[in-house]
Every structure is written in structure tokens, then in C-alpha cells.
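Participant: Got a structure for you, written out below as C-alpha cells; questions coming shortly.
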Amino acid sequence: MKHIFKTLFVVLFVTSFVACSDDDDTTFPPATTTIAEFVAGNPDYSSLLAALEKAELVATLSGEGNFTVFAPNNAAFDAFLTANNLTLDAATKEQLEPILLNHVLGDALTSAQLTTGYRDNLANFSTYVNNSDSGVVINGSANVTTPNLNQTNGIIHAVDAVIALPTVATFAVADPNFSQLALSLTTRTPDVDYAATLSGTESSPFTVFAPTNDAFLDLAARFGIAANTITNTAVGSITPEQLAIVLNYHVIPGTRLLAAGIPDLVEGEAPATLQGERYSGIFIEDNEAVIEDETGVDATIIATDVKATNGVIHAIDKVLLPAAALADDVLDRSITARAVATPGLDLLTAALYRTELNDVLDRPAADGNAYTVFAPTDDAFRTLLDGRDLEDIPVEDLTQILLNHVIVDSDAISASMFVTQGSRYRTTLATYGDTDNNLSIFINIDGGVILNGVATVTGPDVDARNGIVHVVDEVITLPDVTTFATADPNFSTLAQQLTNADLVTALQATNGTGTPEAPFTIFAPTNAAFDNLSSVPTGNELRAVLTYHVIAQSNVRSTDLASVAGEVATVNGANVTISADPATVQGVGNMTASAIVQADVQATNGVIHAIDQVLSPTAMQQP
């Protein structure tokens with residue numbers, strides 16, 4: 001997206017990835033001691049007591065409050081001191097206070113109320129609780145061994161390890177929703193010691209936008225990347241070098257960007273990532289914080305402000321990709337990314353975002369197919385808008401206009417393939433009304449590649465990983481039935497006769513309006529059919545003949561012919577006779593039935609079937 005949405009104030013809550021469990025119904029005996037008194041009276045917590053005294057926190061845990069304390073016993077405390085080359089005698093208040101407060105939550109919570117997710121502790125860091133059938137684990141390292149020791153000012157849960165001050169790497173490893181990220185950080189990039197980097201202080205603090213497991217699965221689906229079942233990595237076929245580029249793009253060094261500060265960022269001010277590139281934008285849209293990368297697909301920040309000693313983590317639902325990653329064959333640009341990166345397609349890009357087709361055209365087409373997209377330039381969009389803004393076009397209408405520029409086929413269609421195939425009809429992803437009937441598009445190769453008679457391909461064959469893009473000089477607006485009469489040279493005589501009979505405006509009517517009323521089923525004589533006439537009628541006789549080719553208030557496709565077979569009234573008032581097998585239509589004055597030589601040319605207000613005779617409503621008009 002090429003602009004920034006900015007709000008005055010946004011509150012983004014840290015959310016849990018797992019649904020809350022039922023409220024705890026544990027009944028406790030009346031408590032008689034405070035948390036500090038319990039610790040002082042239990043010899044197995046003498047090391048914890050000594051640490052609380054040195055950190056001057058005994059008074060805090062003796063006073064009024066509703067605390068949750070994860071209490072390591074002497075064995076756990078001694079193991080921690082030994083591992084960190086510390087002794088209680090040598091440790092200072094400044095060292096011990098944050099460690100101990102990292103074990104304390106500001107609410108009294110039973111083990112059942114310790115639902116899986118993140119909470120802030122009194123050290124002003126995050127605590128990750130994983131509550132599963134196997135028990136409660138804190139920050140991936142400390143297991144609750146004895147829960148629910150009720151005290152007058154809170155609840156104690158005994159744990160088997162000291163909960164070390166968390167780094168951003170702590171949460172990547174502890175939270176199972178980041179297991180794909182953790183595997184990428186620890187095993188897939190052996191030449192880069194991410195664990196050490198994100199556990200340390202060099203270049204810190206870090207702001208890390210952490211993709212969830214679903215984000216990695218989404219990346220694999222978007223790019224058709226194979227998983228590695230041995231290492232259980234979703235994007236196993238990405239090389240370590242490629243993955244390092246991608247992972248570095250998720251880390252902003254030297255800043256601790258909390259959610260509250262995101263609305264203050266404006267376009268271009270996001271700091272450079274560890275990879276070197278900046279994000280295209282970090283902004284607020286519809287009360288959600290999103291990040292735009294080089295793919296043209298926004299990543300939504302789905303959990304915020306996971307606070308560590310050396311930075312902050314925000315969980316995101318997409319893997320972010322820099323331009324450097326998209327330069328590779330494996331992670332090549334999608335059609336959306338091509339639009340974003342191509343100068344002069346800004347309005348197309350904005351339209352894709354507004355309709356959310358940016359995400360659709362970033363992914364592979366279904367069933368192994370490919371997209372062929374005609375991309376209107378900014379000038380083409382300005383002509384369409386005629387002084388309006390994109391926002392003035394209803395989203396539903398804009399979506400259909402854009403889909404009218406997209407063909408899906410087994411292969412992407414290059415400009416040379418259009419020439420080889422010759423002028424012909426194809427279908428776009430736009431649809432007729434609320435049906436699944438796709439609108440037709442006429443591709444004329446006389447004098448270039450021209451679409452529906454209005455848009456010429458000026459920039460052909462921009463390859464993308466999921467198809468091909470052709471830049472065009474006009475927006476291909478949604479066709480009515482007269483569009484094809486004008487665009488298709490095989491209907492040039494019909495187009496002229498419709499003008500002569502003053503029927504063009506009537507046949508441009510939309511659904512349920514005009515006289516006659518749309519939608520229309522039109523049996524359209526080709527030029528050859530008119531050439532076979534001894535003379536072309538004029539005046540009222542011409543109008544009578546042309547309206548004899550139109551059935552009002554119907555959109556009869558070839559698959560519907562059997563259900564309407566027989567005599568059907570036309571706008572002229574006289575009947576035609578329709579047959580399904582073979583597909584023909586016969587006029588009152590025709591000696592033989594007219595074959596349908598081109599079926600189902602679908603427009604927004606009806607369908608056209610090309611026929612090889614001019615239908616005659618009376619015997620007198622038969623040449």
C-alpha cells in the first residue's frame with residue numbers, strides 16, 4: 001500500500017494463542033500466612049528467602065496484594081547460581097531484584113486460571129505460560145511442581161527451576177506457536193548464530209516481528225515451497241542463505257518499538273531491518289496494525305508487546321519478504337508484487353489492496369493453473385475515474401472491474417501465444433450478476449493485442465511466479481452485449497445495423513431496466529450471415545428484424561437450451577424455435593435452422609450466441 005493510515009490513539013492488547021480454560025473451581029482452606037511468611041517458614045526455600053532479603057522484596061510480599069509467585073526451591077536456586085557463576089553473597093540487589101520480580105505476577109491466579117498465553121510480570125517483562133495436559137510450564141523452562149499454595153496476599157506455585165530473565169530468543173523457543181521460527185533460527189541457518197544474537201545485547205534492543213507457524217505454512221502455500229518432513233520444517237526447500245535473508249528482515253536492531261508507538265510512524269520512517277531493507281510501511285488500518293513488505297501482501301500484527309530484556313516481539317500472520325529475497329528463482333515475485341514494484345501501476349496496486357485481491361494474486365491459481373493479468377496504467381485509471389477517487393467506486397464494483405482483467409488457464413498466456421491463437425473469446429474471473437457464469441473478453445490481434453475493443457497491450461510479458469502480466473493503456477470496463485458487437489470484427493455489420501436501428505442504447509440497459517428489459521439473450525448474425533441476404537432491411541423493417549434476434553428478461557446459456565427448447569417469444573413479438581441438440585435457432589421465415597457457431601459470449605446484461613443466418617420473423621422477409 002502506497003499510503004499510511006494514522007490514528008491518534010490505538011490500544012493493542014497482548015492476546016493468547018490458545019483459548020482460555022474454564023474458571024478454576026478449586027476450594028482452598030483459609031490462608032493464615034503471607035507469601036513472605038510462607039517462604040520464611042519453609043526450609044526448602046531458604047535460598048529464595050535470602051535472595052528476597054538481599055533484593056529488599058520481603059516487605060513487598062508481606063504486604064497487601066494479589067500476587068502469583070512462581071517459587072523455586074533451594075535445589076533450583078542453587079543450580080541457577082552455579083550455572084551463572086554467582087553466589088548469593090556476591091550477588092547485588094540490582095542483579096537479584098529483576099530476577100525475582102520475573103517470578104511474580106500482579107494477579108492471584110490458580111493453576112487453572114494460568115491459561116496459555118502471555119502476561120506481564122512485576123519486572124516489566126512478559127511471562128509465557130503453557131498450560132497443557134502435561135502441566136504448567138513457565139517460559140519453556142520452569143515446571144510447576146506443586147500448584148495452588150494459597151496465601152493471604154496471593155498464590156504460590158512451586159517450580160523446579162529459576163525463571164531466567166527472558167530474551168527474545170526465550171519466547172521463540174518457549175512458545176509452540178513459534179516452533180517453525182525456532183527451527184529456522186536454530187537449525188536451518190547454521191552459518192548465522194541467531195540464538196546467540198537474539199539472546200545477547202549486541203545491536204539490542206531488538207524489535208522482532210515473529211511469524212507464527214501458520215505464517216510459515218502460508219508462505220509455503222503462496223510459493224509452492226516443499227516441506228522437509230525429516231526436520232519438520234514447512235519451508236524446507238528454501239536454502240539457508242535465502243532463509244537468513246528472510247529472517248534478518250524480521251528484526252529491527254537498536255529499537256524497542258512497542259505497539260503504542262506504531263501509530264506515530266509515518267511512511268518511510270520505519271527503521272532499517274537487520275537485513276538492511278526497510279518495510280514499505282507500518283501502519284494502522286481498521287484498528288489493526290499491519291506491515292507491508294515487498295510482496296504487496298500485508299502482514300497483520302496479531303499479538304503485541306511480548307517484552308524481553310533485549311527487545312520486544314510482535315507476532316504476525318505472514319512471513320515478511322524483502323526485495324533481496326524476491327530476486328531469487330525460488331522466491332520470485334508474484335503478480336501482486338510485480339504490480340507493487342512496477343512504476344506507473346500505483347493506482348492498480350491501491351485498487352488491489354482496497355478489494356483485497358492483492359492477497360489473491362499473490363498466491364498460485366487453483367488446480368495448478370496460472371493467471372494472465374492485464375494491468376491498467378495510472379493514466380488508464382485516471383481516465384476511468386474522471387476526477388473521482390478510487391474510494392468513490394463501491395468495493396463490489398471495483399472488485400468485478402479488476403477481475404475482468406484476469407484470465408485463468410493451464411498456462412500463463414504470453415503476447416506471442418495470443419498471436420498464435422488468433423482473435424478469440426476467453427472468460428475472465430468477473431461474473432454475471434450473482435451467478436458463477438464468467439464474463440467473456442474478446443481478444444483481437446489485428447494491429448496488436450486489443451481487449452474488448454478498448455484496451456491495447458503496451459507492456460507485454462512481465463513474468464511472475466504465478467502467471468504473467470501485460471500492461472494495458474485502458475481499464476477494461478465491464479462489458480454489456482453491445483461491447484462485443486463493437487469489439488468483434490465478425491459482428492461489424494450487426495454493430496452498424498444496431499446503430500442504424502437506434503437500438504444500441506436499449507441494449508446497454510442493465511438488469512431489469514429499459515425497454516426492452518435486460519438481461520438479454522441475443523442470437524447475433526455474423527457478417528457472413530448478413531452478406532447472404534439479398535438486401536439488408538431498413539427503417540422499421542430493420543428494427544423489426546433486429547429485435548427478432550433478442551429475447552428479453554433472460555440469460556439463456558448453451559447449457560440452458562434444453563430447458564427452453566421450443567417456441568420462445570422475442571422482443572419483436574414473434575417466436576423463434578430453439579433446439580438444444582444440435583444447438584440451433586430458427587425463425588418463422590427461415591427455411592433451415594441457424595446454427596449457433598459461437599456460444600455463451602457472456603456480458604453483464606445478457607449473453608450472445610453467434611449464428612450463421614439472419615433470422616426472419618415472416619416469410620416475406622426471407623430472401
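Chains: A, B, ... in order of the C-alpha cells. Residues: from 1 per chain. Ligands: from 1, in order shown.
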Do a neighbour search on region 587-596 of chain A at 8 Å with only C-alpha atoms, toss out local chain neighbours closer than 3 positions, and write the hits as a PyMOL selection string.
Facilitator: chain A and resi 575-577+582-584+599+609-622
Participant: With N, CA and C atoms retained, could you export that selection as a PDB file, in the first residue's frame?
Facilitator:
```pdb
ATOM      1  N   ASN A 575     -42.284 -15.486 -32.393  1.00  0.00           N
ATOM      2  CA  ASN A 575     -41.500 -16.526 -31.740  1.00  0.00           C
ATOM      3  C   ASN A 575     -40.358 -17.011 -32.619  1.00  0.00           C
ATOM      4  N   VAL A 576     -39.289 -17.472 -31.961  1.00  0.00           N
ATOM      5  CA  VAL A 576     -38.257 -18.264 -32.617  1.00  0.00           C
ATOM      6  C   VAL A 576     -38.342 -19.668 -32.040  1.00  0.00           C
ATOM      7  N   THR A 577     -37.793 -20.625 -32.770  1.00  0.00           N
ATOM      8  CA  THR A 577     -37.784 -22.007 -32.291  1.00  0.00           C
ATOM      9  C   THR A 577     -36.361 -22.397 -31.941  1.00  0.00           C
ATOM     10  N   PRO A 582     -28.990 -30.566 -32.315  1.00  0.00           N
ATOM     11  CA  PRO A 582     -27.878 -29.615 -32.196  1.00  0.00           C
ATOM     12  C   PRO A 582     -28.368 -28.236 -31.760  1.00  0.00           C
ATOM     13  N   ALA A 583     -27.439 -27.374 -31.344  1.00  0.00           N
ATOM     14  CA  ALA A 583     -27.793 -26.049 -30.868  1.00  0.00           C
ATOM     15  C   ALA A 583     -28.130 -25.153 -32.053  1.00  0.00           C
ATOM     16  N   THR A 584     -29.420 -24.888 -32.222  1.00  0.00           N
ATOM     17  CA  THR A 584     -29.866 -24.064 -33.345  1.00  0.00           C
ATOM     18  C   THR A 584     -30.995 -23.152 -32.889  1.00  0.00           C
ATOM     19  N   ALA A 599     -21.012 -19.860 -28.898  1.00  0.00           N
ATOM     20  CA  ALA A 599     -21.982 -19.832 -27.800  1.00  0.00           C
ATOM     21  C   ALA A 599     -21.417 -19.109 -26.590  1.00  0.00           C
ATOM     22  N   HIS A 609     -25.138 -15.435 -28.564  1.00  0.00           N
ATOM     23  CA  HIS A 609     -24.787 -16.640 -29.321  1.00  0.00           C
ATOM     24  C   HIS A 609     -24.693 -16.235 -30.786  1.00  0.00           C
ATOM     25  N   ALA A 610     -23.536 -16.412 -31.394  1.00  0.00           N
ATOM     26  CA  ALA A 610     -23.366 -16.073 -32.808  1.00  0.00           C
ATOM     27  C   ALA A 610     -24.034 -17.138 -33.675  1.00  0.00           C
ATOM     28  N   ILE A 611     -24.761 -16.688 -34.722  1.00  0.00           N
ATOM     29  CA  ILE A 611     -25.450 -17.615 -35.615  1.00  0.00           C
ATOM     30  C   ILE A 611     -25.075 -17.321 -37.068  1.00  0.00           C
ATOM     31  N   ASP A 612     -25.324 -18.292 -37.928  1.00  0.00           N
ATOM     32  CA  ASP A 612     -24.847 -18.187 -39.305  1.00  0.00           C
ATOM     33  C   ASP A 612     -25.930 -17.729 -40.289  1.00  0.00           C
ATOM     34  N   GLN A 613     -27.127 -17.349 -39.796  1.00  0.00           N
ATOM     35  CA  GLN A 613     -28.169 -16.772 -40.638  1.00  0.00           C
ATOM     36  C   GLN A 613     -28.802 -15.578 -39.931  1.00  0.00           C
ATOM     37  N   VAL A 614     -29.376 -14.701 -40.729  1.00  0.00           N
ATOM     38  CA  VAL A 614     -30.223 -13.651 -40.169  1.00  0.00           C
ATOM     39  C   VAL A 614     -31.614 -14.238 -40.014  1.00  0.00           C
ATOM     40  N   LEU A 615     -32.160 -14.168 -38.802  1.00  0.00           N
ATOM     41  CA  LEU A 615     -33.482 -14.738 -38.544  1.00  0.00           C
ATOM     42  C   LEU A 615     -34.556 -13.858 -39.168  1.00  0.00           C
ATOM     43  N   SER A 616     -35.547 -14.507 -39.761  1.00  0.00           N
ATOM     44  CA  SER A 616     -36.622 -13.781 -40.434  1.00  0.00           C
ATOM     45  C   SER A 616     -37.930 -13.999 -39.683  1.00  0.00           C
ATOM     46  N   PRO A 617     -38.583 -12.915 -39.205  1.00  0.00           N
ATOM     47  CA  PRO A 617     -39.828 -13.081 -38.451  1.00  0.00           C
ATOM     48  C   PRO A 617     -41.025 -13.442 -39.321  1.00  0.00           C
ATOM     49  N   THR A 618     -40.934 -13.205 -40.631  1.00  0.00           N
ATOM     50  CA  THR A 618     -42.037 -13.561 -41.546  1.00  0.00           C
ATOM     51  C   THR A 618     -41.455 -14.143 -42.815  1.00  0.00           C
ATOM     52  N   ALA A 619     -42.302 -14.894 -43.516  1.00  0.00           N
ATOM     53  CA  ALA A 619     -41.852 -15.492 -44.769  1.00  0.00           C
ATOM     54  C   ALA A 619     -41.510 -14.425 -45.795  1.00  0.00           C
ATOM     55  N   MET A 620     -42.151 -13.273 -45.709  1.00  0.00           N
ATOM     56  CA  MET A 620     -41.919 -12.220 -46.695  1.00  0.00           C
ATOM     57  C   MET A 620     -40.502 -11.681 -46.595  1.00  0.00           C
ATOM     58  N   GLN A 621     -39.909 -11.803 -45.388  1.00  0.00           N
ATOM     59  CA  GLN A 621     -38.572 -11.228 -45.232  1.00  0.00           C
ATOM     60  C   GLN A 621     -37.474 -12.228 -45.572  1.00  0.00           C
ATOM     61  N   GLN A 622     -37.849 -13.428 -45.856  1.00  0.00           N
ATOM     62  CA  GLN A 622     -36.831 -14.416 -46.205  1.00  0.00           C
ATOM     63  C   GLN A 622     -36.324 -14.171 -47.613  1.00  0.00           C
TER      64      GLN A 622
END
```
Participant: When DSSP is applied to the backbone of this structure, which of region 245-419 of chain A are assigned strand (DSSP E)? Write them out as a ChimeraX atom specification.
Facilitator: /A:251-253,281-285,288-292,298-308,311-316,370-376,406-409
Participant: Skipping near chain neighbours, those fewer than 4 positions away, what residues fall within 9 Å of region 450-453 of chain A using only C-alpha atoms, listed as a PDB file with C-alpha atoms, in the first residue's frame?
Facilitator:
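Saved the output as out-v2.pdb:
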```pdb
ATOM      1  CA  ILE A 441     -13.446 -10.958 -23.061  1.00  0.00           C
ATOM      2  CA  PHE A 442     -12.693 -10.609 -26.775  1.00  0.00           C
ATOM      3  CA  ILE A 443      -9.037 -10.598 -27.714  1.00  0.00           C
ATOM      4  CA  ASN A 444      -8.345  -9.107 -31.134  1.00  0.00           C
ATOM      5  CA  ILE A 445      -4.837  -9.479 -32.556  1.00  0.00           C
ATOM      6  CA  ASP A 446      -5.363  -7.217 -35.580  1.00  0.00           C
ATOM      7  CA  VAL A 457      -1.337  -4.208 -24.568  1.00  0.00           C
ATOM      8  CA  VAL A 472      -2.587  -2.066 -20.929  1.00  0.00           C
ATOM      9  CA  ILE A 476     -11.321  -2.854 -19.390  1.00  0.00           C
ATOM     10  CA  THR A 477     -14.740  -1.885 -18.072  1.00  0.00           C
ATOM     11  CA  PRO A 479     -18.962  -5.385 -20.958  1.00  0.00           C
ATOM     12  CA  THR A 483     -19.453  -4.217 -26.258  1.00  0.00           C
ATOM     13  CA  PHE A 484     -18.863  -7.435 -28.162  1.00  0.00           C
ATOM     14  CA  THR A 486     -18.397  -3.415 -31.398  1.00  0.00           C
ATOM     15  CA  ALA A 487     -15.216  -5.261 -30.393  1.00  0.00           C
ATOM     16  CA  ASP A 488     -15.558  -8.376 -32.535  1.00  0.00           C
TER      17      ASP A 488
END
```
Participant: In Å, how far is it from CA of Pro30 (chain A) to CA of Gln113 (chain A)?
Facilitator: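 That distance, rounded to one decimal, is 19.3 Å.
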Participant: At a cut-off of 6 Å, using only C-alpha atoms, what residues contact Thr336 (chain A)? Leave out same-chain residues fewer than 2 positions from it and give the result as number ranges by chain.
Facilitator: A: 296, 334, 338-339, 358, 361-362
Participant: Can you spit out the residues from that selection as a tab-separated table (two decimals), in the first residue's frame, using all heavy atoms?
Facilitator:
```
chain	number	residue	atom	x	y	z
A	296	GLY	N	3.62	-7.02	-1.53
A	296	GLY	CA	2.33	-6.40	-1.74
A	296	GLY	C	1.22	-7.05	-0.93
A	296	GLY	O	0.05	-6.77	-1.15
A	334	SER	N	5.35	-12.40	-7.19
A	334	SER	CA	4.02	-12.75	-7.66
A	334	SER	C	3.49	-11.63	-8.55
A	334	SER	O	4.13	-10.59	-8.73
A	334	SER	CB	3.08	-12.94	-6.47
A	334	SER	OG	2.90	-11.68	-5.81
A	338	ARG	N	4.72	-7.82	-8.61
A	338	ARG	CA	5.10	-7.14	-9.85
A	338	ARG	C	4.38	-5.79	-9.96
A	338	ARG	O	4.96	-4.78	-10.36
A	338	ARG	CB	4.78	-8.00	-11.06
A	338	ARG	CG	5.63	-9.24	-11.19
A	338	ARG	CD	7.08	-8.92	-11.46
A	338	ARG	NE	7.87	-10.12	-11.65
A	338	ARG	CZ	9.19	-10.17	-11.50
A	338	ARG	NH1	9.86	-9.09	-11.15
A	338	ARG	NH2	9.84	-11.30	-11.70
A	339	ALA	N	3.09	-5.77	-9.61
A	339	ALA	CA	2.35	-4.52	-9.66
A	339	ALA	C	2.92	-3.50	-8.69
A	339	ALA	O	3.08	-2.32	-9.02
A	339	ALA	CB	0.87	-4.78	-9.36
A	358	ASN	N	-5.07	-8.21	-3.71
A	358	ASN	CA	-3.62	-8.30	-3.61
A	358	ASN	C	-3.20	-9.65	-3.05
A	358	ASN	O	-2.22	-10.25	-3.48
A	358	ASN	CB	-3.06	-7.17	-2.74
A	358	ASN	CG	-3.62	-7.18	-1.33
A	358	ASN	OD1	-4.82	-7.36	-1.13
A	358	ASN	ND2	-2.77	-6.98	-0.35
A	361	LEU	N	-3.90	-12.49	-5.81
A	361	LEU	CA	-2.94	-12.52	-6.92
A	361	LEU	C	-1.50	-12.68	-6.44
A	361	LEU	O	-0.58	-12.65	-7.25
A	361	LEU	CB	-3.08	-11.26	-7.77
A	361	LEU	CG	-4.42	-11.15	-8.51
A	361	LEU	CD1	-4.49	-9.85	-9.30
A	361	LEU	CD2	-4.62	-12.35	-9.42
A	362	ASP	N	-1.32	-12.85	-5.14
A	362	ASP	CA	-0.01	-13.23	-4.63
A	362	ASP	C	0.14	-14.75	-4.57
A	362	ASP	O	1.25	-15.26	-4.46
A	362	ASP	CB	0.19	-12.64	-3.23
A	362	ASP	CG	1.55	-12.97	-2.65
A	362	ASP	OD1	2.54	-12.43	-3.16
A	362	ASP	OD2	1.61	-13.78	-1.70
```
Participant: Quick one: pull the distance between CA of Phe77 (chain A) and CA of Val162 (chain A), Å, one decimal.
Facilitator: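 Between these atoms lies a distance of 6.0 Å.
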Participant: Ranking A:Gly154, A:Gly433, A:Gly117, A:Pro263 by minimum distance to Gly512 (chain A) and counting only C-alpha atoms, which one comes first?
Facilitator: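 Checking each of A:Gly154, A:Gly433, A:Gly117, A:Pro263 against Gly512 (chain A), counting only C-alpha atoms, the winner is A:Gly433.
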